[in-house]
>>> print(open('protein-v7.txt').read())   # compact mmCIF, C-alpha atoms and all ligand atoms
# COMPACT_ATOMS: atom_id res chain seq x y z
CA ILE A 29 -102.79 71.91 28.87
CA LYS A 30 -105.75 73.90 30.07
CA THR A 31 -107.67 75.10 27.03
CA ILE A 32 -108.33 73.46 23.68
CA GLY A 33 -110.10 74.69 20.57
CA VAL A 34 -112.13 72.82 17.99
CA LEU A 35 -112.99 73.82 14.44
CA THR A 36 -114.58 72.29 11.37
CA SER A 37 -113.14 73.23 7.99
CA GLY A 38 -113.82 72.57 4.29
CA GLY A 39 -117.06 70.90 3.20
CA ASP A 40 -119.37 69.91 6.05
CA ALA A 41 -120.14 66.23 6.61
CA PRO A 42 -122.81 64.41 8.64
CA GLY A 43 -121.24 63.29 11.93
CA MET A 44 -119.16 66.43 12.47
CA ASN A 45 -121.51 67.44 15.31
CA ALA A 46 -121.05 64.05 16.96
CA ALA A 47 -117.28 64.67 16.92
CA ILE A 48 -117.66 68.23 18.31
CA ARG A 49 -119.91 66.96 21.11
CA ALA A 50 -117.41 64.22 22.00
CA ILE A 51 -114.49 66.70 22.05
CA VAL A 52 -116.39 69.13 24.27
CA ARG A 53 -117.55 66.54 26.78
CA GLN A 54 -114.33 64.48 26.85
CA GLY A 55 -112.46 67.79 27.32
CA ILE A 56 -114.69 68.88 30.21
CA THR A 57 -114.38 65.40 31.77
CA LYS A 58 -110.61 65.91 31.68
CA ASP A 59 -110.90 69.37 33.32
CA LEU A 60 -110.14 71.34 30.16
CA ARG A 61 -111.81 74.48 28.91
CA VAL A 62 -113.09 73.99 25.36
CA LYS A 63 -113.50 76.83 22.88
CA GLY A 64 -115.45 76.37 19.68
CA ILE A 65 -113.93 78.24 16.75
CA GLN A 66 -116.63 79.31 14.30
CA ARG A 67 -116.31 79.15 10.48
CA GLY A 68 -113.07 77.15 10.41
CA PHE A 69 -109.71 78.87 9.89
CA ALA A 70 -111.55 81.99 8.64
CA GLY A 71 -113.20 82.32 12.06
CA LEU A 72 -109.88 81.67 13.82
CA LEU A 73 -108.36 84.66 12.01
CA GLN A 74 -111.30 86.81 13.16
CA GLY A 75 -111.12 85.51 16.76
CA GLU A 76 -114.63 84.00 16.56
CA PHE A 77 -114.56 81.86 19.71
CA VAL A 78 -117.42 80.50 21.79
CA ASP A 79 -117.07 78.80 25.18
CA MET A 80 -118.43 75.28 24.81
CA LYS A 81 -120.33 73.74 27.71
CA ALA A 82 -121.64 70.21 28.18
CA ARG A 83 -125.27 71.38 27.86
CA GLY A 84 -124.44 73.51 24.83
CA VAL A 85 -123.85 70.40 22.74
CA SER A 86 -127.06 68.66 23.85
CA ASP A 87 -129.31 67.54 21.03
CA THR A 88 -126.56 67.86 18.38
CA LEU A 89 -125.33 64.26 18.05
CA GLN A 90 -128.07 63.35 15.58
CA ARG A 91 -127.95 66.55 13.50
CA GLY A 92 -126.33 66.98 10.09
CA GLY A 93 -124.10 69.95 9.19
CA THR A 94 -121.77 71.51 11.74
CA ILE A 95 -122.93 73.68 14.64
CA LEU A 96 -119.64 75.59 14.43
CA GLY A 97 -120.07 76.46 10.76
CA THR A 98 -117.33 75.94 8.21
CA ALA A 99 -115.53 77.82 5.47
CA ARG A 100 -112.74 77.49 2.96
CA CYS A 101 -110.07 80.07 3.84
CA PRO A 102 -107.51 81.15 1.19
CA GLU A 103 -105.88 83.56 3.70
CA PHE A 104 -104.86 80.65 5.91
CA MET A 105 -102.88 79.17 3.01
CA THR A 106 -100.43 82.09 3.29
CA GLU A 107 -97.55 82.22 5.79
CA GLU A 108 -98.90 85.53 7.11
CA GLY A 109 -102.33 84.00 7.76
CA GLN A 110 -100.82 81.00 9.54
CA LYS A 111 -98.64 83.19 11.79
CA LEU A 112 -101.63 85.35 12.63
CA GLY A 113 -103.63 82.19 13.47
CA ALA A 114 -100.92 80.96 15.85
CA LYS A 115 -100.70 84.41 17.48
CA ILE A 116 -104.47 84.53 18.03
CA CYS A 117 -104.33 81.04 19.61
CA ARG A 118 -101.59 82.21 22.01
CA GLU A 119 -103.46 85.42 22.87
CA ASN A 120 -106.54 83.34 23.71
CA GLU A 121 -104.46 80.83 25.71
CA ILE A 122 -105.43 77.98 23.40
CA ASP A 123 -102.89 75.19 23.97
CA GLY A 124 -104.17 72.76 21.34
CA ILE A 125 -106.65 72.60 18.47
CA VAL A 126 -108.67 69.76 16.99
CA VAL A 127 -109.25 70.30 13.26
CA ILE A 128 -112.07 68.31 11.67
CA GLY A 129 -111.87 68.33 7.87
CA GLY A 130 -110.02 67.00 4.84
CA ASP A 131 -106.48 67.15 3.49
CA GLY A 132 -106.58 70.94 2.95
CA SER A 133 -107.59 71.43 6.59
CA PHE A 134 -104.79 69.12 7.75
CA ARG A 135 -102.27 71.26 5.87
CA GLY A 136 -103.50 74.17 7.99
CA ALA A 137 -103.15 72.06 11.15
CA GLN A 138 -99.63 71.06 10.09
CA LYS A 139 -98.62 74.73 9.77
CA LEU A 140 -100.09 75.61 13.18
CA ALA A 141 -98.19 72.68 14.73
CA ALA A 142 -94.94 73.96 13.21
CA LEU A 143 -95.68 77.33 14.84
CA GLY A 144 -95.98 75.73 18.28
CA ILE A 145 -99.75 75.14 18.59
CA ASN A 146 -100.49 71.47 19.22
CA THR A 147 -102.88 70.12 16.61
CA ILE A 148 -104.81 66.91 16.02
CA GLY A 149 -106.73 66.24 12.79
CA ILE A 150 -109.92 64.22 12.45
CA PRO A 151 -110.89 63.09 8.92
CA GLY A 152 -114.25 64.62 8.05
CA THR A 153 -115.37 64.47 4.43
CA ILE A 154 -118.05 62.62 2.50
CA ASP A 155 -115.49 61.92 -0.25
CA LEU A 156 -113.45 59.22 1.62
CA ASP A 157 -110.40 60.61 -0.16
CA ILE A 158 -107.98 60.80 2.80
CA ALA A 159 -105.18 58.33 2.15
CA CYS A 160 -104.23 57.34 5.72
CA THR A 161 -107.69 56.15 6.76
CA ASP A 162 -110.25 53.56 5.66
CA TYR A 163 -113.04 55.73 7.10
CA THR A 164 -113.91 59.44 7.00
CA ILE A 165 -116.76 61.08 8.92
CA GLY A 166 -119.78 61.53 6.66
CA PHE A 167 -119.05 59.00 3.92
CA ASP A 168 -121.40 56.38 5.34
CA THR A 169 -124.32 58.81 5.61
CA ALA A 170 -123.65 60.28 2.17
CA VAL A 171 -123.57 56.90 0.40
CA ASN A 172 -126.76 55.83 2.15
CA THR A 173 -128.47 59.10 1.12
CA ALA A 174 -127.28 58.69 -2.47
CA MET A 175 -128.23 55.00 -2.53
CA GLU A 176 -131.81 55.75 -1.47
CA ALA A 177 -132.10 58.55 -4.05
CA ILE A 178 -130.76 56.28 -6.81
CA ASP A 179 -133.31 53.57 -5.88
CA LYS A 180 -136.01 56.17 -6.49
CA VAL A 181 -134.62 57.24 -9.86
CA ARG A 182 -134.41 53.58 -10.82
CA ASP A 183 -138.16 53.10 -10.20
CA THR A 184 -139.11 55.77 -12.69
CA SER A 185 -136.33 54.79 -15.10
CA SER A 186 -137.75 51.22 -15.27
CA SER A 187 -141.33 52.43 -15.73
CA HIS A 188 -140.31 54.55 -18.73
CA GLU A 189 -137.65 52.12 -20.03
CA ARG A 190 -135.05 54.85 -19.92
CA CYS A 191 -131.34 55.24 -19.43
CA SER A 192 -130.55 57.33 -16.32
CA ILE A 193 -127.24 58.97 -15.60
CA ILE A 194 -126.96 59.83 -11.92
CA GLU A 195 -124.08 62.05 -10.87
CA VAL A 196 -122.78 61.73 -7.33
CA MET A 197 -120.29 63.87 -5.41
CA GLY A 198 -116.72 62.99 -4.54
CA ARG A 199 -114.63 65.75 -6.09
CA GLY A 200 -111.72 63.90 -7.83
CA ALA A 201 -112.46 60.60 -6.07
CA GLY A 202 -114.86 57.84 -7.12
CA TYR A 203 -115.61 56.18 -3.75
CA ILE A 204 -119.23 57.38 -3.50
CA ALA A 205 -119.84 56.36 -7.13
CA LEU A 206 -118.25 52.94 -6.67
CA TRP A 207 -120.13 52.12 -3.46
CA CYS A 208 -123.45 53.28 -4.92
CA GLY A 209 -122.69 51.40 -8.12
CA LEU A 210 -122.46 48.17 -6.14
CA ALA A 211 -125.27 48.97 -3.70
CA ASN A 212 -127.68 50.02 -6.46
CA GLY A 213 -126.69 47.37 -9.00
CA ALA A 214 -125.82 49.98 -11.63
CA GLU A 215 -125.27 48.88 -15.22
CA ASP A 216 -122.28 51.24 -15.55
CA ILE A 217 -120.06 53.11 -13.09
CA LEU A 218 -117.87 55.93 -14.35
CA LEU A 219 -114.95 56.59 -12.00
CA PRO A 220 -112.18 59.17 -12.46
CA GLU A 221 -109.66 56.56 -11.31
CA ILE A 222 -110.71 53.88 -13.85
CA TYR A 223 -112.31 55.68 -16.78
CA ASP A 224 -111.60 53.14 -19.48
CA TYR A 225 -114.77 53.90 -21.45
CA ASP A 226 -114.92 55.55 -24.73
CA GLU A 227 -118.49 56.76 -25.16
CA GLN A 228 -119.11 54.35 -28.04
CA LYS A 229 -118.52 51.42 -25.66
CA LEU A 230 -121.07 52.93 -23.29
CA VAL A 231 -123.59 53.35 -26.14
CA ASP A 232 -123.05 49.73 -27.29
CA ASN A 233 -123.52 48.50 -23.73
CA ILE A 234 -126.81 50.37 -23.36
CA THR A 235 -128.18 49.07 -26.67
CA ARG A 236 -127.13 45.50 -25.81
CA ASN A 237 -128.77 45.68 -22.38
CA PHE A 238 -132.13 46.80 -23.72
CA LYS A 239 -131.96 44.03 -26.37
CA ARG A 240 -131.34 41.57 -23.51
CA GLY A 241 -134.64 42.68 -22.00
CA LYS A 242 -133.44 45.13 -19.33
CA LYS A 243 -136.00 47.79 -18.49
CA HIS A 244 -133.52 50.47 -17.51
CA HIS A 245 -129.85 51.31 -17.72
CA ILE A 246 -128.45 53.07 -14.67
CA ILE A 247 -125.12 54.85 -15.02
CA ILE A 248 -123.54 56.19 -11.84
CA ASN A 249 -121.26 59.00 -12.89
CA ALA A 250 -118.70 60.41 -10.46
CA GLU A 251 -118.47 64.20 -10.14
CA GLY A 252 -114.81 63.92 -11.16
CA ILE A 253 -116.01 62.92 -14.64
CA GLY A 254 -119.12 65.11 -14.65
CA HIS A 255 -120.83 66.51 -17.78
CA SER A 256 -123.84 64.26 -17.11
CA THR A 257 -126.36 66.47 -18.92
CA SER A 258 -124.43 66.69 -22.19
CA MET A 259 -123.53 62.99 -21.91
CA ALA A 260 -127.27 62.19 -21.63
CA ARG A 261 -128.04 64.20 -24.77
CA ARG A 262 -125.33 62.41 -26.77
CA ILE A 263 -126.36 58.97 -25.51
CA GLU A 264 -130.02 59.57 -26.37
CA ALA A 265 -129.03 60.69 -29.88
CA ALA A 266 -126.77 57.68 -30.40
CA THR A 267 -129.07 54.98 -28.93
CA GLY A 268 -132.54 56.33 -29.59
CA ILE A 269 -133.29 55.45 -25.95
CA GLU A 270 -134.69 58.26 -23.79
CA THR A 271 -131.91 59.34 -21.43
CA ARG A 272 -132.12 61.63 -18.41
CA ALA A 273 -129.43 63.06 -16.14
CA THR A 274 -129.91 63.61 -12.40
CA ILE A 275 -127.25 65.45 -10.42
CA LEU A 276 -127.77 64.61 -6.75
CA GLY A 277 -125.65 67.51 -5.48
CA HIS A 278 -125.61 68.85 -1.94
CA MET A 279 -128.41 66.66 -0.61
CA GLN A 280 -125.60 64.10 -0.20
CA ARG A 281 -123.90 66.34 2.37
CA GLY A 282 -126.89 66.80 4.67
CA GLY A 283 -129.10 64.76 6.93
CA SER A 284 -128.88 62.90 10.20
CA PRO A 285 -125.69 60.81 10.48
CA THR A 286 -125.88 57.02 10.38
CA CYS A 287 -124.99 54.91 13.42
CA LYS A 288 -121.51 54.24 11.98
CA ASP A 289 -120.84 57.96 11.46
CA ARG A 290 -122.04 58.80 14.98
CA VAL A 291 -119.98 56.08 16.65
CA PHE A 292 -116.73 56.63 14.73
CA ALA A 293 -117.01 60.44 14.97
CA THR A 294 -117.55 60.07 18.73
CA THR A 295 -114.56 57.75 19.25
CA MET A 296 -112.33 59.91 17.07
CA GLY A 297 -113.37 63.05 18.98
CA CYS A 298 -112.51 61.48 22.35
CA LYS A 299 -109.21 60.10 21.03
CA ALA A 300 -108.23 63.60 19.78
CA VAL A 301 -108.68 65.01 23.30
CA ASP A 302 -106.75 62.09 24.82
CA LEU A 303 -103.85 62.73 22.42
CA LEU A 304 -103.76 66.46 23.24
CA CYS A 305 -103.70 65.60 26.95
CA GLU A 306 -100.70 63.32 26.32
CA GLY A 307 -98.89 66.26 24.70
CA ALA A 308 -99.18 64.90 21.13
CA SER A 309 -99.21 67.26 18.15
CA ASN A 310 -99.26 67.12 14.34
CA ARG A 311 -101.25 63.85 14.35
CA ILE A 312 -104.23 62.63 12.32
CA ILE A 313 -106.65 60.08 13.70
CA ALA A 314 -107.54 57.24 11.36
CA ILE A 315 -109.30 53.90 11.16
CA LYS A 316 -107.01 51.21 9.76
CA ASN A 317 -108.13 47.58 9.59
CA GLY A 318 -110.89 48.33 12.08
CA GLU A 319 -108.53 49.90 14.64
CA LEU A 320 -108.48 53.50 15.87
CA VAL A 321 -104.90 54.70 15.18
CA ASP A 322 -103.03 57.96 14.60
CA TYR A 323 -100.37 59.10 12.15
CA ASP A 324 -97.95 61.97 11.89
CA ILE A 325 -99.62 64.56 9.61
CA ASP A 326 -96.54 64.87 7.35
CA GLU A 327 -96.50 61.08 6.81
CA ALA A 328 -100.27 60.91 6.38
CA LEU A 329 -100.34 63.63 3.71
CA ALA A 330 -97.62 61.80 1.74
CA MET A 331 -99.63 58.53 1.64
CA LYS A 332 -101.48 57.39 -1.50
CA LYS A 333 -104.81 55.64 -1.71
CA SER A 334 -106.24 53.65 -4.60
CA ILE A 335 -109.77 52.65 -5.48
CA PRO A 336 -110.47 48.94 -4.76
CA GLU A 337 -110.30 47.60 -8.31
CA TYR A 338 -111.85 44.27 -7.31
CA PHE A 339 -115.03 46.12 -6.33
CA TYR A 340 -115.11 47.67 -9.78
CA GLN A 341 -114.40 44.39 -11.57
CA ILE A 342 -117.23 42.55 -9.84
CA SER A 343 -119.63 45.38 -10.60
CA ARG A 344 -118.91 44.66 -14.31
CA ASN A 345 -119.47 40.92 -13.83
CA LEU A 346 -122.83 41.44 -12.14
CA ALA A 347 -124.20 44.01 -14.59
CA ILE A 348 -125.21 41.36 -17.14
O1 LIG A 401 -115.56 67.62 -0.33
C1 LIG A 401 -116.93 67.47 -0.22
C2 LIG A 401 -117.63 67.97 -1.47
O2 LIG A 401 -119.02 67.83 -1.29
C3 LIG A 401 -117.18 67.34 -2.77
O3 LIG A 401 -117.76 66.07 -2.99
C4 LIG A 401 -117.59 68.38 -3.77
O4 LIG A 401 -116.76 68.32 -4.91
C5 LIG A 401 -117.36 69.67 -3.02
O5 LIG A 401 -117.37 69.36 -1.64
C6 LIG A 401 -118.40 70.73 -3.30
O6 LIG A 401 -118.01 71.88 -2.63
P1 LIG A 401 -118.96 73.14 -2.42
O7 LIG A 401 -119.99 72.78 -1.39
O8 LIG A 401 -118.04 74.20 -1.93
O9 LIG A 401 -119.61 73.43 -3.73
>>> encode(input="protein-v7.txt", output="structure tokens", more="lines below")
Ligand code: F6P
Amino acid sequence: IKTIGVLTSGGDAPGMNAAIRAIVRQGITKDLRVKGIQRGFAGLLQGEFVDMKARGVSDTLQRGGTILGTARCPEFMTEEGQKLGAKICRENEIDGIVVIGGDGSFRGAQKLAALGINTIGIPGTIDLDIACTDYTIGFDTAVNTAMEAIDKVRDTSSSHERCSIIEVMGRGAGYIALWCGLANGAEDILLPEIYDYDEQKLVDNITRNFKRGKKHHIIINAEGIGHSTSMARRIEAATGIETRATILGHMQRGGSPTCKDRVFATTMGCKAVDLLCEGASNRIIAIKNGELVDYDIDEALAMKKSIPEYFYQISRNLAI
């Protein structure tokens, strides 16, 4: 192979730039030309390519977001869009593509592979919701950002003896909520995977905690459950305890990546180039039991992942 492309797709995640930088420089080290594809699959369909040079990725390792831009692209979900994408790759002499994103992006990579363009996927999402891997680029930074924000809300919540509902991202997955729940010592964690609460139980728990002498009641609510503002109104009415909702939102997706995100994004980026050089295609890179491994995309997309219930159970035991 002579030329490879790289794109970021779906929601951005801190550490994506570290992966892009690694792909560009590992590619150049292996005598490849590297083309950056802007705005994900949408940019591919418009032929938005930039030649990537070693100096061009200087000073990007520590930056949040993605220098290539990203987009969600409904057109690429159609057979026509996928065929056009493969044709544009061939016209631009792109022999292989590294796709950094989540499951939706890997489905796009899978289709390109079936059309003869070698593809390697790298898991990039703050949600940690990719079944084949224990790690996704951006999760570590996002949970640290959320954890620090929740510490701050807790300060004011204690001063005013309030209940605070803090909503964190994660789409349908509760990993950010669960990790913050443990890291912040939350009194309650509401996860889409284990939502065994009726609201009356929650209300009773809050009342009991204040009677026990707690100065605040922190509820981490996963986005997949949502409705934090209306929940706060109902809880305040039922308990008589002032209740506020804070939705952390997109701040969780930005900022400088942590050491873990930089290191794993870098190793995954280099591994993706190595795999393309070996002629591999339709693979996803993953971290399993601390090892850098890769899986067939079809197999990876069929895998299931569950929330670690022990983590949840102990959070209940410690919230006394
Ligand atoms: O997948 C990352 C994520 O931030 C989710 O946690 C969230 O549900 C979604 O993206 C938000 O997407 P958008 O930025 O398009 O509103």
>>> residues_around(input="protein-v7.txt", residues="segment 88-100 of chain A", least_positions_apart="2", cutoff="7 Å", atoms="all atoms listed in the file", output="PyMOL selection string")
chain A and resi 35-38+40-46+49+64-68+70+85-86+102+282-285
>>> closest_residue(input="protein-v7.txt", among="A:Tyr223, A:Tyr323, A:Phe77, A:Phe339", to="Ile148 of chain A", atoms="all atoms listed in the file")
A:Tyr323
>>> residues_near_ligand(input="protein-v7.txt", ligand="ligand LIG 401 (chain A)", cutoff="10 Å", atoms="only C-alpha atoms and all ligand atoms", output="ChimeraX atom specification")
/A:38-41,99-100,129-131,152-157,166-167,170,196-202,204,250-252,277-282
>>> residues_around(input="protein-v7.txt", residues="Glu215 of chain A", least_positions_apart="5", cutoff="7 Å", atoms="only C-alpha atoms", output="CSV table (one decimal) with C-alpha atoms, in the frame of the given file")
chain,number,residue,atom,x,y,z
A,245,HIS,CA,-129.8,51.3,-17.7
A,246,ILE,CA,-128.4,53.1,-14.7
A,247,ILE,CA,-125.1,54.8,-15.0
A,347,ALA,CA,-124.2,44.0,-14.6
>>> closest_residue(input="protein-v7.txt", among="A:Pro151, A:Gly268, A:Pro220, A:Gly213", to="Arg311 of chain A", atoms="all atoms listed in the file")
A:Pro151
>>> atom_distance(input="protein-v7.txt", atom1="atom CA of Ala82 of chain A", atom2="atom CA of Val52 of chain A")
6.6 Å
>>> closest_residue(input="protein-v7.txt", among="A:Val127, A:Ile32, A:Cys191, A:Ala214", to="Ile342 of chain A", atoms="all atoms listed in the file")
A:Ala214
>>> closest_residue(input="protein-v7.txt", among="A:Ile315, A:Leu218, A:Ala137, A:Leu320", to="Gly124 of chain A", atoms="only C-alpha atoms")
A:Ala137
>>> atom_distance(input="protein-v7.txt", atom1="atom CA of Phe238 of chain A", atom2="atom CA of Ala260 of chain A")
16.3 Å
>>> closest_residue(input="protein-v7.txt", among="A:Leu346, A:Ile116, A:Ile193, A:Cys160", to="Gly75 of chain A", atoms="all atoms listed in the file")
A:Ile116
>>> decode(input="protein-v7.txt", residues="segment 256-330 of chain A", atoms="C-alpha atoms", output="PDB file, in the first residue's frame")
ATOM      1  CA  SER A 256     -33.412  15.663  35.419  1.00  0.00           C
ATOM      2  CA  THR A 257     -35.193  19.023  35.615  1.00  0.00           C
ATOM      3  CA  SER A 258     -38.699  17.592  35.988  1.00  0.00           C
ATOM      4  CA  MET A 259     -37.355  14.914  38.348  1.00  0.00           C
ATOM      5  CA  ALA A 260     -35.878  17.689  40.542  1.00  0.00           C
ATOM      6  CA  ARG A 261     -39.238  19.492  40.680  1.00  0.00           C
ATOM      7  CA  ARG A 262     -41.074  16.315  41.723  1.00  0.00           C
ATOM      8  CA  ILE A 263     -38.452  15.389  44.324  1.00  0.00           C
ATOM      9  CA  GLU A 264     -38.533  18.859  45.875  1.00  0.00           C
ATOM     10  CA  ALA A 265     -42.336  18.711  46.080  1.00  0.00           C
ATOM     11  CA  ALA A 266     -42.293  15.242  47.639  1.00  0.00           C
ATOM     12  CA  THR A 267     -39.436  15.769  50.142  1.00  0.00           C
ATOM     13  CA  GLY A 268     -39.645  19.462  50.941  1.00  0.00           C
ATOM     14  CA  ILE A 269     -35.865  19.533  50.384  1.00  0.00           C
ATOM     15  CA  GLU A 270     -34.572  22.102  47.885  1.00  0.00           C
ATOM     16  CA  THR A 271     -33.529  20.189  44.771  1.00  0.00           C
ATOM     17  CA  ARG A 272     -31.575  21.445  41.766  1.00  0.00           C
ATOM     18  CA  ALA A 273     -30.712  19.805  38.449  1.00  0.00           C
ATOM     19  CA  THR A 274     -27.420  20.366  36.615  1.00  0.00           C
ATOM     20  CA  ILE A 275     -26.956  18.966  33.125  1.00  0.00           C
ATOM     21  CA  LEU A 276     -23.223  18.858  32.424  1.00  0.00           C
ATOM     22  CA  GLY A 277     -23.645  18.495  28.647  1.00  0.00           C
ATOM     23  CA  HIS A 278     -20.946  19.025  26.045  1.00  0.00           C
ATOM     24  CA  MET A 279     -18.266  20.254  28.450  1.00  0.00           C
ATOM     25  CA  GLN A 280     -17.689  16.512  28.996  1.00  0.00           C
ATOM     26  CA  ARG A 281     -16.598  16.117  25.367  1.00  0.00           C
ATOM     27  CA  GLY A 282     -13.943  18.845  25.358  1.00  0.00           C
ATOM     28  CA  GLY A 283     -10.625  19.614  26.964  1.00  0.00           C
ATOM     29  CA  SER A 284      -7.082  18.354  26.896  1.00  0.00           C
ATOM     30  CA  PRO A 285      -6.880  14.534  26.963  1.00  0.00           C
ATOM     31  CA  THR A 286      -5.566  12.751  30.055  1.00  0.00           C
ATOM     32  CA  CYS A 287      -2.300  10.801  29.974  1.00  0.00           C
ATOM     33  CA  LYS A 288      -4.229   7.524  29.552  1.00  0.00           C
ATOM     34  CA  ASP A 289      -6.190   8.879  26.573  1.00  0.00           C
ATOM     35  CA  ARG A 290      -3.026  10.225  24.933  1.00  0.00           C
ATOM     36  CA  VAL A 291      -1.066   6.998  25.407  1.00  0.00           C
ATOM     37  CA  PHE A 292      -3.798   4.565  24.337  1.00  0.00           C
ATOM     38  CA  ALA A 293      -4.869   6.761  21.388  1.00  0.00           C
ATOM     39  CA  THR A 294      -1.220   6.899  20.285  1.00  0.00           C
ATOM     40  CA  THR A 295      -0.673   3.125  20.524  1.00  0.00           C
ATOM     41  CA  MET A 296      -3.967   2.402  18.777  1.00  0.00           C
ATOM     42  CA  GLY A 297      -3.104   4.839  15.971  1.00  0.00           C
ATOM     43  CA  CYS A 298       0.273   3.179  15.349  1.00  0.00           C
ATOM     44  CA  LYS A 299      -1.250  -0.307  15.505  1.00  0.00           C
ATOM     45  CA  ALA A 300      -3.858   0.695  12.879  1.00  0.00           C
ATOM     46  CA  VAL A 301      -1.081   1.691  10.451  1.00  0.00           C
ATOM     47  CA  ASP A 302       0.845  -1.523  11.194  1.00  0.00           C
ATOM     48  CA  LEU A 303      -2.265  -3.593  10.434  1.00  0.00           C
ATOM     49  CA  LEU A 304      -2.885  -1.781   7.129  1.00  0.00           C
ATOM     50  CA  CYS A 305       0.750  -2.401   6.165  1.00  0.00           C
ATOM     51  CA  GLU A 306       0.243  -6.121   6.867  1.00  0.00           C
ATOM     52  CA  GLY A 307      -2.717  -6.103   4.459  1.00  0.00           C
ATOM     53  CA  ALA A 308      -5.369  -6.434   7.191  1.00  0.00           C
ATOM     54  CA  SER A 309      -8.893  -5.096   6.661  1.00  0.00           C
ATOM     55  CA  ASN A 310     -12.259  -4.992   8.445  1.00  0.00           C
ATOM     56  CA  ARG A 311     -10.587  -4.973  11.892  1.00  0.00           C
ATOM     57  CA  ILE A 312     -11.235  -2.978  15.072  1.00  0.00           C
ATOM     58  CA  ILE A 313      -8.473  -2.266  17.543  1.00  0.00           C
ATOM     59  CA  ALA A 314      -9.347  -2.886  21.181  1.00  0.00           C
ATOM     60  CA  ILE A 315      -7.896  -3.084  24.669  1.00  0.00           C
ATOM     61  CA  LYS A 316      -8.773  -6.383  26.337  1.00  0.00           C
ATOM     62  CA  ASN A 317      -7.345  -7.287  29.751  1.00  0.00           C
ATOM     63  CA  GLY A 318      -4.687  -4.616  29.326  1.00  0.00           C
ATOM     64  CA  GLU A 319      -3.527  -5.923  25.925  1.00  0.00           C
ATOM     65  CA  LEU A 320      -3.723  -4.156  22.562  1.00  0.00           C
ATOM     66  CA  VAL A 321      -5.663  -6.579  20.312  1.00  0.00           C
ATOM     67  CA  ASP A 322      -7.819  -6.483  17.176  1.00  0.00           C
ATOM     68  CA  TYR A 323     -11.090  -8.096  16.148  1.00  0.00           C
ATOM     69  CA  ASP A 324     -12.953  -8.687  12.932  1.00  0.00           C
ATOM     70  CA  ILE A 325     -15.512  -5.843  12.656  1.00  0.00           C
ATOM     71  CA  ASP A 326     -18.430  -8.243  12.008  1.00  0.00           C
ATOM     72  CA  GLU A 327     -17.576 -10.207  15.177  1.00  0.00           C
ATOM     73  CA  ALA A 328     -16.955  -7.051  17.200  1.00  0.00           C
ATOM     74  CA  LEU A 329     -20.312  -5.507  16.269  1.00  0.00           C
ATOM     75  CA  ALA A 330     -22.112  -8.711  17.326  1.00  0.00           C
TER      76      ALA A 330
END
